[in-house]
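Colleague: Structure file final.cif (mmCIF, C-alpha atoms and all ligand atoms) right here:
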data_target
#
loop_
_atom_site.label_atom_id
_atom_site.label_comp_id
_atom_site.auth_asym_id
_atom_site.auth_seq_id
_atom_site.Cartn_x
_atom_site.Cartn_y
_atom_site.Cartn_z
CA MET A 1475 16.46 -2.23 -28.23
CA THR A 1476 19.78 -3.96 -27.79
CA GLU A 1477 20.82 -6.73 -30.09
CA ARG A 1478 20.73 -9.20 -27.27
CA ARG A 1479 17.04 -8.57 -26.72
CA VAL A 1480 16.20 -8.98 -30.37
CA GLY A 1481 18.04 -12.29 -30.38
CA ARG A 1482 16.02 -13.50 -27.42
CA TRP A 1483 12.70 -12.71 -29.06
CA ALA A 1484 13.78 -14.44 -32.24
CA GLY A 1485 14.61 -17.48 -30.15
CA VAL A 1486 11.19 -17.46 -28.49
CA SER A 1487 9.29 -17.20 -31.76
CA LEU A 1488 11.37 -20.00 -33.23
CA LEU A 1489 10.41 -22.16 -30.28
CA VAL A 1490 6.72 -21.35 -30.81
CA VAL A 1491 6.96 -22.30 -34.48
CA MET A 1492 8.69 -25.54 -33.60
CA LEU A 1493 6.03 -26.40 -31.02
CA ALA A 1494 3.26 -25.66 -33.50
CA MET A 1495 4.91 -27.96 -36.01
CA ALA A 1496 5.31 -30.71 -33.45
CA PHE A 1497 1.63 -30.55 -32.59
CA SER A 1498 0.41 -30.60 -36.16
CA ALA A 1499 2.73 -33.44 -37.17
CA PRO A 1500 1.08 -36.82 -37.76
CA GLY A 1501 2.93 -38.20 -34.75
CA PHE A 1502 0.69 -36.10 -32.52
CA ALA A 1503 -2.18 -38.49 -33.15
CA ALA A 1504 -0.28 -41.07 -31.15
CA LYS A 1505 -0.69 -38.80 -28.13
CA THR A 1506 -4.43 -39.39 -28.12
CA PRO A 1507 -4.68 -43.08 -27.43
CA GLY A 1508 -8.19 -44.37 -27.64
CA ASN A 1509 -10.30 -45.93 -30.32
CA THR A 1510 -12.94 -43.54 -31.67
CA LYS A 1511 -15.16 -46.38 -32.87
CA ALA A 1512 -15.33 -47.94 -29.41
CA GLY A 1513 -15.65 -44.43 -27.99
CA LYS A 1514 -18.77 -43.77 -30.03
CA LYS A 1515 -20.47 -46.77 -28.45
CA VAL A 1516 -19.51 -45.59 -24.97
CA PHE A 1517 -20.79 -42.13 -25.85
CA THR A 1518 -24.22 -43.23 -27.05
CA GLN A 1519 -24.59 -45.48 -24.03
CA PHE A 1520 -23.36 -43.21 -21.25
CA CYS A 1521 -23.13 -39.61 -22.44
CA GLY A 1522 -25.81 -39.03 -25.06
CA SER A 1523 -28.62 -38.66 -22.54
CA CYS A 1524 -27.05 -35.38 -21.42
CA HIS A 1525 -24.95 -34.26 -24.39
CA THR A 1526 -25.79 -33.45 -27.98
CA LEU A 1527 -23.29 -34.76 -30.52
CA LYS A 1528 -24.35 -34.90 -34.13
CA ASP A 1529 -22.13 -37.78 -35.17
CA ALA A 1530 -23.52 -39.98 -32.40
CA LYS A 1531 -27.08 -38.76 -33.14
CA THR A 1532 -27.60 -37.85 -29.50
CA VAL A 1533 -29.71 -34.87 -28.47
CA GLY A 1534 -29.28 -34.52 -24.69
CA THR A 1535 -29.47 -30.98 -23.37
CA VAL A 1536 -28.51 -31.41 -19.70
CA GLY A 1537 -24.81 -30.78 -20.44
CA PRO A 1538 -23.14 -28.55 -23.05
CA ASN A 1539 -23.53 -29.35 -26.76
CA LEU A 1540 -20.26 -31.10 -27.59
CA ASP A 1541 -20.46 -30.15 -31.26
CA LYS A 1542 -19.75 -26.60 -30.14
CA GLY A 1543 -16.39 -25.38 -28.94
CA LYS A 1544 -13.08 -27.15 -28.73
CA ARG A 1545 -11.55 -29.07 -25.89
CA THR A 1546 -8.36 -31.03 -25.58
CA TYR A 1547 -8.14 -34.76 -25.19
CA ALA A 1548 -6.52 -34.35 -21.78
CA LYS A 1549 -9.34 -32.09 -20.59
CA VAL A 1550 -12.04 -34.55 -21.64
CA VAL A 1551 -10.20 -37.42 -19.92
CA THR A 1552 -10.06 -35.35 -16.73
CA ILE A 1553 -13.74 -34.33 -16.86
CA VAL A 1554 -14.96 -37.86 -17.57
CA THR A 1555 -12.72 -39.31 -14.85
CA LYS A 1556 -13.43 -36.75 -12.15
CA GLY A 1557 -16.77 -35.27 -13.18
CA LYS A 1558 -17.55 -31.56 -13.34
CA GLY A 1559 -20.39 -29.61 -11.72
CA SER A 1560 -23.52 -31.72 -12.00
CA MET A 1561 -21.80 -34.24 -14.27
CA THR A 1562 -20.80 -37.23 -12.19
CA SER A 1563 -17.51 -39.10 -12.51
CA PHE A 1564 -17.40 -41.92 -15.04
CA LYS A 1565 -14.32 -43.49 -13.52
CA PHE A 1566 -16.12 -46.83 -13.38
CA LEU A 1567 -15.76 -47.06 -17.17
CA GLY A 1568 -12.07 -47.78 -16.68
CA LYS A 1569 -9.06 -46.17 -18.31
CA LYS A 1570 -9.48 -47.76 -21.73
CA LYS A 1571 -13.10 -46.73 -22.27
CA ILE A 1572 -12.40 -43.24 -20.95
CA GLN A 1573 -9.58 -42.90 -23.48
CA ASP A 1574 -11.86 -44.18 -26.22
CA VAL A 1575 -14.70 -41.80 -25.43
CA ALA A 1576 -12.32 -38.85 -25.01
CA ALA A 1577 -10.73 -39.52 -28.40
CA TYR A 1578 -14.20 -39.66 -29.91
CA VAL A 1579 -15.41 -36.44 -28.26
CA VAL A 1580 -12.29 -34.59 -29.44
CA LYS A 1581 -12.49 -35.86 -33.01
CA LYS A 1582 -16.31 -35.89 -33.14
CA LYS A 1583 -16.29 -38.62 -35.72
CA VAL A 1584 -15.25 -42.23 -36.17
C1 LIG B 1 -26.17 -36.65 -16.11
C2 LIG B 1 -25.86 -35.88 -17.28
C3 LIG B 1 -24.50 -36.05 -17.91
C4 LIG B 1 -23.91 -37.21 -18.38
C5 LIG B 1 -24.50 -38.61 -18.38
C6 LIG B 1 -22.64 -36.82 -18.94
N1 LIG B 1 -22.43 -35.46 -18.80
FE1 LIG B 1 -20.85 -34.40 -19.47
N2 LIG B 1 -21.58 -32.74 -18.60
C7 LIG B 1 -22.80 -32.63 -17.95
C8 LIG B 1 -22.94 -31.30 -17.42
C9 LIG B 1 -24.15 -30.77 -16.64
C10 LIG B 1 -21.76 -30.60 -17.77
C11 LIG B 1 -21.39 -29.15 -17.41
C12 LIG B 1 -20.60 -29.19 -16.12
C13 LIG B 1 -20.16 -27.81 -15.66
O1 LIG B 1 -19.50 -27.13 -16.43
O2 LIG B 1 -20.49 -27.46 -14.53
C14 LIG B 1 -20.94 -31.53 -18.51
C15 LIG B 1 -19.70 -31.21 -19.06
C16 LIG B 1 -18.99 -32.03 -19.91
C17 LIG B 1 -17.82 -31.63 -20.65
C18 LIG B 1 -17.18 -30.26 -20.65
C19 LIG B 1 -17.86 -29.43 -21.70
C20 LIG B 1 -17.35 -28.01 -21.74
O3 LIG B 1 -17.31 -27.46 -22.83
O4 LIG B 1 -16.98 -27.48 -20.68
C21 LIG B 1 -17.41 -32.72 -21.37
C22 LIG B 1 -16.23 -32.80 -22.33
C23 LIG B 1 -18.33 -33.79 -21.07
N3 LIG B 1 -19.28 -33.34 -20.19
C24 LIG B 1 -18.24 -35.06 -21.60
C25 LIG B 1 -19.04 -36.13 -21.21
C26 LIG B 1 -18.81 -37.50 -21.60
C27 LIG B 1 -17.70 -37.97 -22.52
C28 LIG B 1 -19.77 -38.24 -20.99
C29 LIG B 1 -19.95 -39.76 -21.03
C30 LIG B 1 -18.87 -40.54 -20.44
C31 LIG B 1 -20.63 -37.33 -20.25
N4 LIG B 1 -20.14 -36.06 -20.40
C32 LIG B 1 -21.76 -37.70 -19.55
C33 LIG B 1 -23.73 -33.63 -17.82
C34 LIG B 1 -23.55 -34.96 -18.16
#
Take the structure I supplied and represent it as C-alpha cells, if you would.
Modeller:
Amino acid sequence: MTERRVGRWAGVSLLVVMLAMAFSAPGFAAKTPGNTKAGKKVFTQFCGSCHTLKDAKTVGTVGPNLDKGKRTYAKVVTIVTKGKGSMTSFKFLGKKKIQDVAAYVVKKKV
C-alpha cells in the first residue's frame, strides 16, 4: 500500500468519527422538531388503532409494532405524510402534527 492510500483511509475514518460525533451531540435534537407530548395525543387518536406502542398504551396489530425496531425521524415523517402499503396518508394532520407524532414515534416516550 502506498502512503497516499493510507492517508486517504485515515481521512475517511476521521470523517466518519466526526459525523458520529455531530449526530450524538445535543444539538442533534434540534433536528427533530416536534413536540412529543402533543405527538402522543395524535398517536393515541390516529395511529393506535393499528399500531402497538407501549408508552401510548395502544395495542393495534394492523401495522407493525412500533416498540420494535428503529426508524429515523425523517422516515416516519415521510410514511405518515405519504402513507405506505395499506397505511393511508395522514397528510390532513398538517405539518406540525406530523412532526409532533414523528418525534414521539422516534423517541417512544414523552
Ligand atoms: C389503518 C391502519 C393504520 C393506521 C391508522 C396507521 N398505520 Fe402506520 N402502518 C400501517 C401498516 C399496515 C403499515 C405497514 C405498511 C407496509 O410496510 O406496507 C404501517 C407502517 C407504519 C410505519 C413503518 C413501520 C416500519 O417499521 O416499517 C410507521 C413508522 C407508521 N406506520 C406510523 C404510523 C403513525 C405515526 C400513524 C398515525 C399518524 C399510523 N402509522 C397510522 C397501518 C396503519
Colleague: Please extract the residues at most 8 Å from ligand LIG 1 (chain B), counting all atoms listed in the file, and provide them as a ChimeraX atom specification, using the chain letters and residue numbers of this document.
Modeller: /A:1516-1517,1519-1525,1536-1540,1542-1545,1549-1551,1553-1554,1557-1562,1564,1567,1572,1575-1576,1579
Colleague: Could you check the closest approach to Val1580 of chain A for each of A:Val1533, A:Val1480, A:Ala1548, A:Leu1488 and tell me which residue wins, using all atoms listed in the file?
Modeller: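 Of all the options, A:Ala1548 lies closest to Val1580 of chain A.
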Colleague: Measure the distance from atom CA of Lys1582 of chain A to atom CA of Lys1565 of chain A in Å and round it to one decimal.
Modeller: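 The value is 21.1 Å.
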Colleague: Kindly indicate which residue among A:Arg1482, A:Lys1583, A:Ala1577, A:Val1490 lies nearest to Thr1506 of chain A, using all atoms listed in the file for the distances.
Modeller: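 Closest to Thr1506 of chain A, using all atoms listed in the file: A:Ala1577.
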Colleague: What's the separation between atom CA of Gly1513 of chain A and atom CA of Gln1573 of chain A, in Å to one decimal place?
Modeller: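 Taking atom CA of Gly1513 of chain A as the start and atom CA of Gln1573 of chain A as the end point, the length is 7.7 Å.
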Colleague: Quick check, in Å to one decimal: how far apart do atom CA of Lys1556 of chain A and atom CA of Lys1511 of chain A lie?
Modeller: 22.9 Å
Colleague: Calculated over all atoms listed in the file, which of the candidates A:Ser1563, A:Thr1532, A:Thr1546, A:Thr1552 has the smallest distance to Lys1514 of chain A?
Modeller: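 Checking each of A:Ser1563, A:Thr1532, A:Thr1546, A:Thr1552 against Lys1514 of chain A, counting all atoms listed in the file, the winner is A:Thr1532.
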Colleague: Need to verify the contact set: Asp1574 of chain A, 7 Å, all atoms listed in the file, exclusion of same-chain residues closer than 6 positions in sequence. Can you return it as a ChimeraX atom specification?
Modeller: /A:1508-1510,1512-1513
